[in-house]
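Undergrad: The following block contains the structure, expressed as structure tokens.
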Amino acid sequence: MSAPKDRWYDRDAGPVVRPYAVTKGRTMPASDSFVGLIDMVIAQDRPLLPAEARLNSEHRRLLAMCRHPGTVVDLASDAGLPVGVVRVLLSDLAAWGAVRVVQSPRGRVIDERLLKDVLDGLQAL
Amino acid sequence: MDYRPFDPAAVPVVPAALKILIAGGFGVGKTTLVGAVSEIRPLRTEEELSDRSIGIDDTTGVAAKTTTTVAMDFGRITLRTDLTLYLFGTPGQERFWFMWDELAYGAIGAVVLADTRRLSDCFAAIDYFEQRLIPFLIAVNHFDDAPGYTGDEIRDALDLDPGTPVVSCDARQRESVKQVLVSLVRHTIAANRSIRERASAG
């Protein structure tokens, strides 16, 4: 009898720890501040973390990645974590003052100069 | 006294990020389109269609496609060091519609990718963007065995507003996809202007 073909190994088998275990089961950010998919996240320079801050290893990993400004989706992609998990962890870090979140446009994009920059950029590709 | 002269170079520039949505029916080539222009491999979670989901995802006319995108599907184009454009493929199946609102929020606009063999697959996306006043265009993806129609025929079949552009494209070709995105951004600029003009005309 041949081995079953649908067996998964290593990365294909998925994470050893269930994704939302690192958020202690939370699927929504703690604060009401909504972190958008393409919001830019930047680590604060030498932040003074409050006493209640509890950074787990994933918090620390994201914090290290945020030394260069990056979007939420890029962070999730680079960290290999679901976007929902990353959002919860980032909202923790923002609440502790460890990162700054710069919002992407909300609602209709009406800044014509920005749109023309996009147009020029696309044409120059 | 701690005094340092202001040095603009020391202030980190926060790059701007914008997004465009890629919508359309199941198997129409959204992931292919994103992959044609993205500098990263489109990030996605694919799930093979099980027997159970065959009834939900009608694959008539797309016989060769065996997997479908069920989760995040995005690509990235760095236009300048301080300006990045993201492309988000919307989940094809209606059971993932809850994700659309967030994807659409703050988007420049949307590309509705169409297959002339199954034009009705676009109706849901067109309704969605029309209701929310999100600028969009129809990009007809060329499949070798698909019937060719003129832009006007497609406009009639989809009952589009006269201002909604219909363009043709090959979702596999970077240059073609680039032109689709250029058309969409131009359309958004024009749509914004006409809103402003209507507002000032009172």
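Letters A, B, ... mark the chains of the structure tokens in the order given; residue numbers begin at 1 per chain; ligand numbers begin at 1, in order shown.
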Excluding same-chain residues fewer than 4 positions from stretch 61-64 of chain A, what lies within 8 Å of it counting only C-alpha atoms, as a PyMOL selection string?
TA: chain A and resi 43+57+75+79+90+93+98-99
Undergrad: Save the residues we just selected, N, CA and C atoms, as a short mmCIF file (atom, residue, chain, number, x, y, z; two decimals), in the first residue's frame?
TA:
```cif
data_model
loop_
_atom_site.label_atom_id
_atom_site.label_comp_id
_atom_site.auth_asym_id
_atom_site.auth_seq_id
_atom_site.Cartn_x
_atom_site.Cartn_y
_atom_site.Cartn_z
N ALA A 43 7.73 51.72 14.35
CA ALA A 43 8.14 51.57 15.75
C ALA A 43 8.55 52.93 16.30
N SER A 57 6.39 36.84 22.28
CA SER A 57 7.44 36.77 21.26
C SER A 57 6.98 37.34 19.91
N LEU A 75 3.42 43.44 6.83
CA LEU A 75 3.88 42.83 8.08
C LEU A 75 3.33 41.42 8.23
N ALA A 79 5.63 38.23 8.36
CA ALA A 79 5.64 37.47 9.61
C ALA A 79 5.00 36.09 9.44
N LEU A 90 -0.80 44.45 16.75
CA LEU A 90 -0.38 45.84 16.49
C LEU A 90 -1.20 46.82 17.33
N LEU A 93 0.40 46.91 20.63
CA LEU A 93 1.64 47.70 20.59
C LEU A 93 1.34 49.19 20.50
N ALA A 98 4.26 51.67 21.74
CA ALA A 98 5.47 51.10 21.14
C ALA A 98 5.53 51.35 19.63
N VAL A 99 4.37 51.49 19.01
CA VAL A 99 4.34 51.79 17.58
C VAL A 99 3.37 52.94 17.32
#
```
Undergrad: Would you tabulate, counting only C-alpha atoms, all residues of chain B that have an atom at most 7 Å from an atom of chain A, showing the closest pair of atoms and their distance in Å to one decimal, sorted by chain then ascending number, as CSV?
TA:
```
residue,atom,partner,partner_atom,distance
B:Val14,CA,A:Pro69,CA,6.9
B:Ala17,CA,A:Ile38,CA,6.2
B:Leu18,CA,A:Ser104,CA,7.0
B:Leu79,CA,A:Gly121,CA,4.8
B:Arg80,CA,A:Gly121,CA,7.0
B:Tyr105,CA,A:Gly107,CA,5.5
B:Gly106,CA,A:Gly107,CA,4.3
B:Ala107,CA,A:Val109,CA,6.7
B:Ile108,CA,A:Val109,CA,5.5
B:Lys178,CA,A:Leu122,CA,6.7
B:Val182,CA,A:Leu119,CA,6.0
B:Val185,CA,A:Leu119,CA,6.3
B:Ile189,CA,A:Glu112,CA,6.6
B:Asn192,CA,A:Ile110,CA,6.4
```
Undergrad: Quick one: write out the picked residues with N, CA and C atoms as a CSV table (one decimal), in the first residue's frame?
TA:
```csv
chain,number,residue,atom,x,y,z
B,14,VAL,N,7.1,59.2,6.1
B,14,VAL,CA,6.2,58.0,6.1
B,14,VAL,C,5.6,57.8,4.7
B,17,ALA,N,0.4,54.9,1.2
B,17,ALA,CA,0.0,53.6,0.6
B,17,ALA,C,-1.4,53.8,0.1
B,18,LEU,N,-1.7,53.3,-1.1
B,18,LEU,CA,-3.0,53.4,-1.7
B,18,LEU,C,-3.4,52.0,-2.2
B,79,LEU,N,5.7,52.6,-6.5
B,79,LEU,CA,5.7,53.6,-7.5
B,79,LEU,C,6.9,54.6,-7.3
B,80,ARG,N,7.1,54.9,-6.0
B,80,ARG,CA,8.2,55.7,-5.6
B,80,ARG,C,8.6,55.2,-4.2
B,105,TYR,N,-13.0,50.2,1.3
B,105,TYR,CA,-12.9,51.4,2.1
B,105,TYR,C,-11.6,52.1,1.8
B,106,GLY,N,-11.6,53.3,1.3
B,106,GLY,CA,-10.4,54.0,1.0
B,106,GLY,C,-9.7,53.6,-0.2
B,107,ALA,N,-10.3,52.9,-1.1
B,107,ALA,CA,-9.7,52.5,-2.4
B,107,ALA,C,-9.8,53.6,-3.4
B,108,ILE,N,-8.8,53.6,-4.3
B,108,ILE,CA,-8.8,54.6,-5.4
B,108,ILE,C,-10.0,54.2,-6.3
B,178,LYS,N,-1.0,47.1,-16.7
B,178,LYS,CA,-0.6,48.5,-16.4
B,178,LYS,C,-1.6,49.5,-17.0
B,182,VAL,N,-3.9,52.4,-15.3
B,182,VAL,CA,-3.8,53.8,-15.7
B,182,VAL,C,-5.2,54.3,-16.1
B,185,VAL,N,-7.2,54.9,-12.8
B,185,VAL,CA,-6.9,56.1,-12.1
B,185,VAL,C,-7.3,57.4,-12.8
B,189,ILE,N,-10.0,60.2,-11.3
B,189,ILE,CA,-9.7,61.7,-11.3
B,189,ILE,C,-10.9,62.4,-12.0
B,192,ASN,N,-14.0,62.3,-9.8
B,192,ASN,CA,-13.9,63.3,-8.7
B,192,ASN,C,-14.2,64.7,-9.2
```
Undergrad: To one decimal place in Å, what is the distance between atom CA of B:Asp152 and atom CA of B:Val167?
TA: 10.6 Å
Undergrad: Any chance you could list, as a list in words, the residues in chain A that come up strand (DSSP E or B) when DSSP is run on the backbone?
TA: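 So the strand (DSSP E or B) residues in chain A would be Met40, Val41, Ile42, Ala43, Gly70, Thr71, Val99, Arg100, Val101 and Val102 of chain A.
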Undergrad: Next, write the just-selected residues to a file, as a PDB file, in the first residue's frame, keeping N, CA and C atoms as the atom set.
TA:
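Final output, saved to selection.pdb:
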```
ATOM      1  N   MET A  40       0.138  52.417   7.749  1.00  0.00           N
ATOM      2  CA  MET A  40       1.587  52.282   7.889  1.00  0.00           C
ATOM      3  C   MET A  40       1.921  52.201   9.382  1.00  0.00           C
ATOM      4  N   VAL A  41       2.755  51.256   9.757  1.00  0.00           N
ATOM      5  CA  VAL A  41       3.100  51.074  11.171  1.00  0.00           C
ATOM      6  C   VAL A  41       4.591  51.330  11.359  1.00  0.00           C
ATOM      7  N   ILE A  42       4.913  52.155  12.351  1.00  0.00           N
ATOM      8  CA  ILE A  42       6.302  52.540  12.574  1.00  0.00           C
ATOM      9  C   ILE A  42       6.620  52.381  14.059  1.00  0.00           C
ATOM     10  N   ALA A  43       7.725  51.720  14.351  1.00  0.00           N
ATOM     11  CA  ALA A  43       8.142  51.567  15.754  1.00  0.00           C
ATOM     12  C   ALA A  43       8.548  52.934  16.296  1.00  0.00           C
ATOM     13  N   GLY A  70       6.166  49.970   7.585  1.00  0.00           N
ATOM     14  CA  GLY A  70       5.570  48.964   6.703  1.00  0.00           C
ATOM     15  C   GLY A  70       4.071  48.934   6.909  1.00  0.00           C
ATOM     16  N   THR A  71       3.357  48.412   5.909  1.00  0.00           N
ATOM     17  CA  THR A  71       1.905  48.327   6.039  1.00  0.00           C
ATOM     18  C   THR A  71       1.520  47.045   6.782  1.00  0.00           C
ATOM     19  N   VAL A  99       4.368  51.492  19.014  1.00  0.00           N
ATOM     20  CA  VAL A  99       4.340  51.794  17.578  1.00  0.00           C
ATOM     21  C   VAL A  99       3.367  52.936  17.321  1.00  0.00           C
ATOM     22  N   ARG A 100       3.571  53.573  16.182  1.00  0.00           N
ATOM     23  CA  ARG A 100       2.698  54.631  15.712  1.00  0.00           C
ATOM     24  C   ARG A 100       2.018  54.100  14.457  1.00  0.00           C
ATOM     25  N   VAL A 101       0.714  54.355  14.343  1.00  0.00           N
ATOM     26  CA  VAL A 101      -0.018  53.905  13.154  1.00  0.00           C
ATOM     27  C   VAL A 101      -0.425  55.131  12.346  1.00  0.00           C
ATOM     28  N   VAL A 102       0.043  55.204  11.108  1.00  0.00           N
ATOM     29  CA  VAL A 102      -0.335  56.308  10.218  1.00  0.00           C
ATOM     30  C   VAL A 102      -1.416  55.798   9.277  1.00  0.00           C
TER      31      VAL A 102
END
```
Undergrad: For A:Leu89, which residue among A:Ala51, A:Lys24, A:Arg67, A:Arg46 is the nearest when counting only C-alpha atoms?
TA: A:Lys24
Undergrad: Please identify all polymer residues within 8 Å of stretch 29-35 of chain B, counting only C-alpha atoms, omitting same-chain residues fewer than 5 positions from it, and present them as a compact mmCIF listing (two decimals) with C-alpha atoms, in the first residue's frame.
TA:
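And here's part.txt as it stands now:
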```txt
# COMPACT_ATOMS: atom_id res chain seq x y z
CA ILE B 22 -9.64 43.72 -8.42
CA ALA B 23 -13.11 42.21 -8.55
CA GLY B 24 -14.93 39.82 -10.85
CA ILE B 40 5.81 40.30 -4.86
CA ARG B 41 4.19 36.96 -5.48
CA PRO B 42 0.52 37.53 -4.77
CA THR B 69 -8.83 32.06 -3.87
CA ASP B 73 -5.00 38.08 -2.25
CA PHE B 74 -2.80 41.12 -2.67
CA GLY B 75 0.05 42.45 -4.71
CA LEU B 87 -3.84 45.56 -5.46
CA PHE B 88 -6.40 43.53 -3.57
CA GLY B 89 -8.28 40.73 -5.25
CA LEU B 113 -12.53 41.79 -14.55
CA ASN B 141 -10.06 39.60 -20.01
CA ALA B 171 -4.49 39.65 -17.43
CA ARG B 172 -1.26 37.73 -18.03
CA GLN B 173 0.52 40.68 -19.65
CA VAL B 177 -2.58 45.30 -16.83
```
Undergrad: Based on DSSP run over this structure's backbone, return all residues of stretch 73-196 of chain B in helix (DSSP H, G or I), as a PyMOL selection string.
TA: chain B and resi 94-104+116-131+151-158+174-196
Undergrad: To one decimal place, how far is atom CA of A:Asn56 from atom CA of A:Tyr9 in Å?
TA: 26.6 Å
Undergrad: I need the residue nearest B:Ala157 from this list: B:Leu119, B:Val180, B:Glu175, B:Ser194. Use only C-alpha atoms for the distance.
TA: B:Leu119
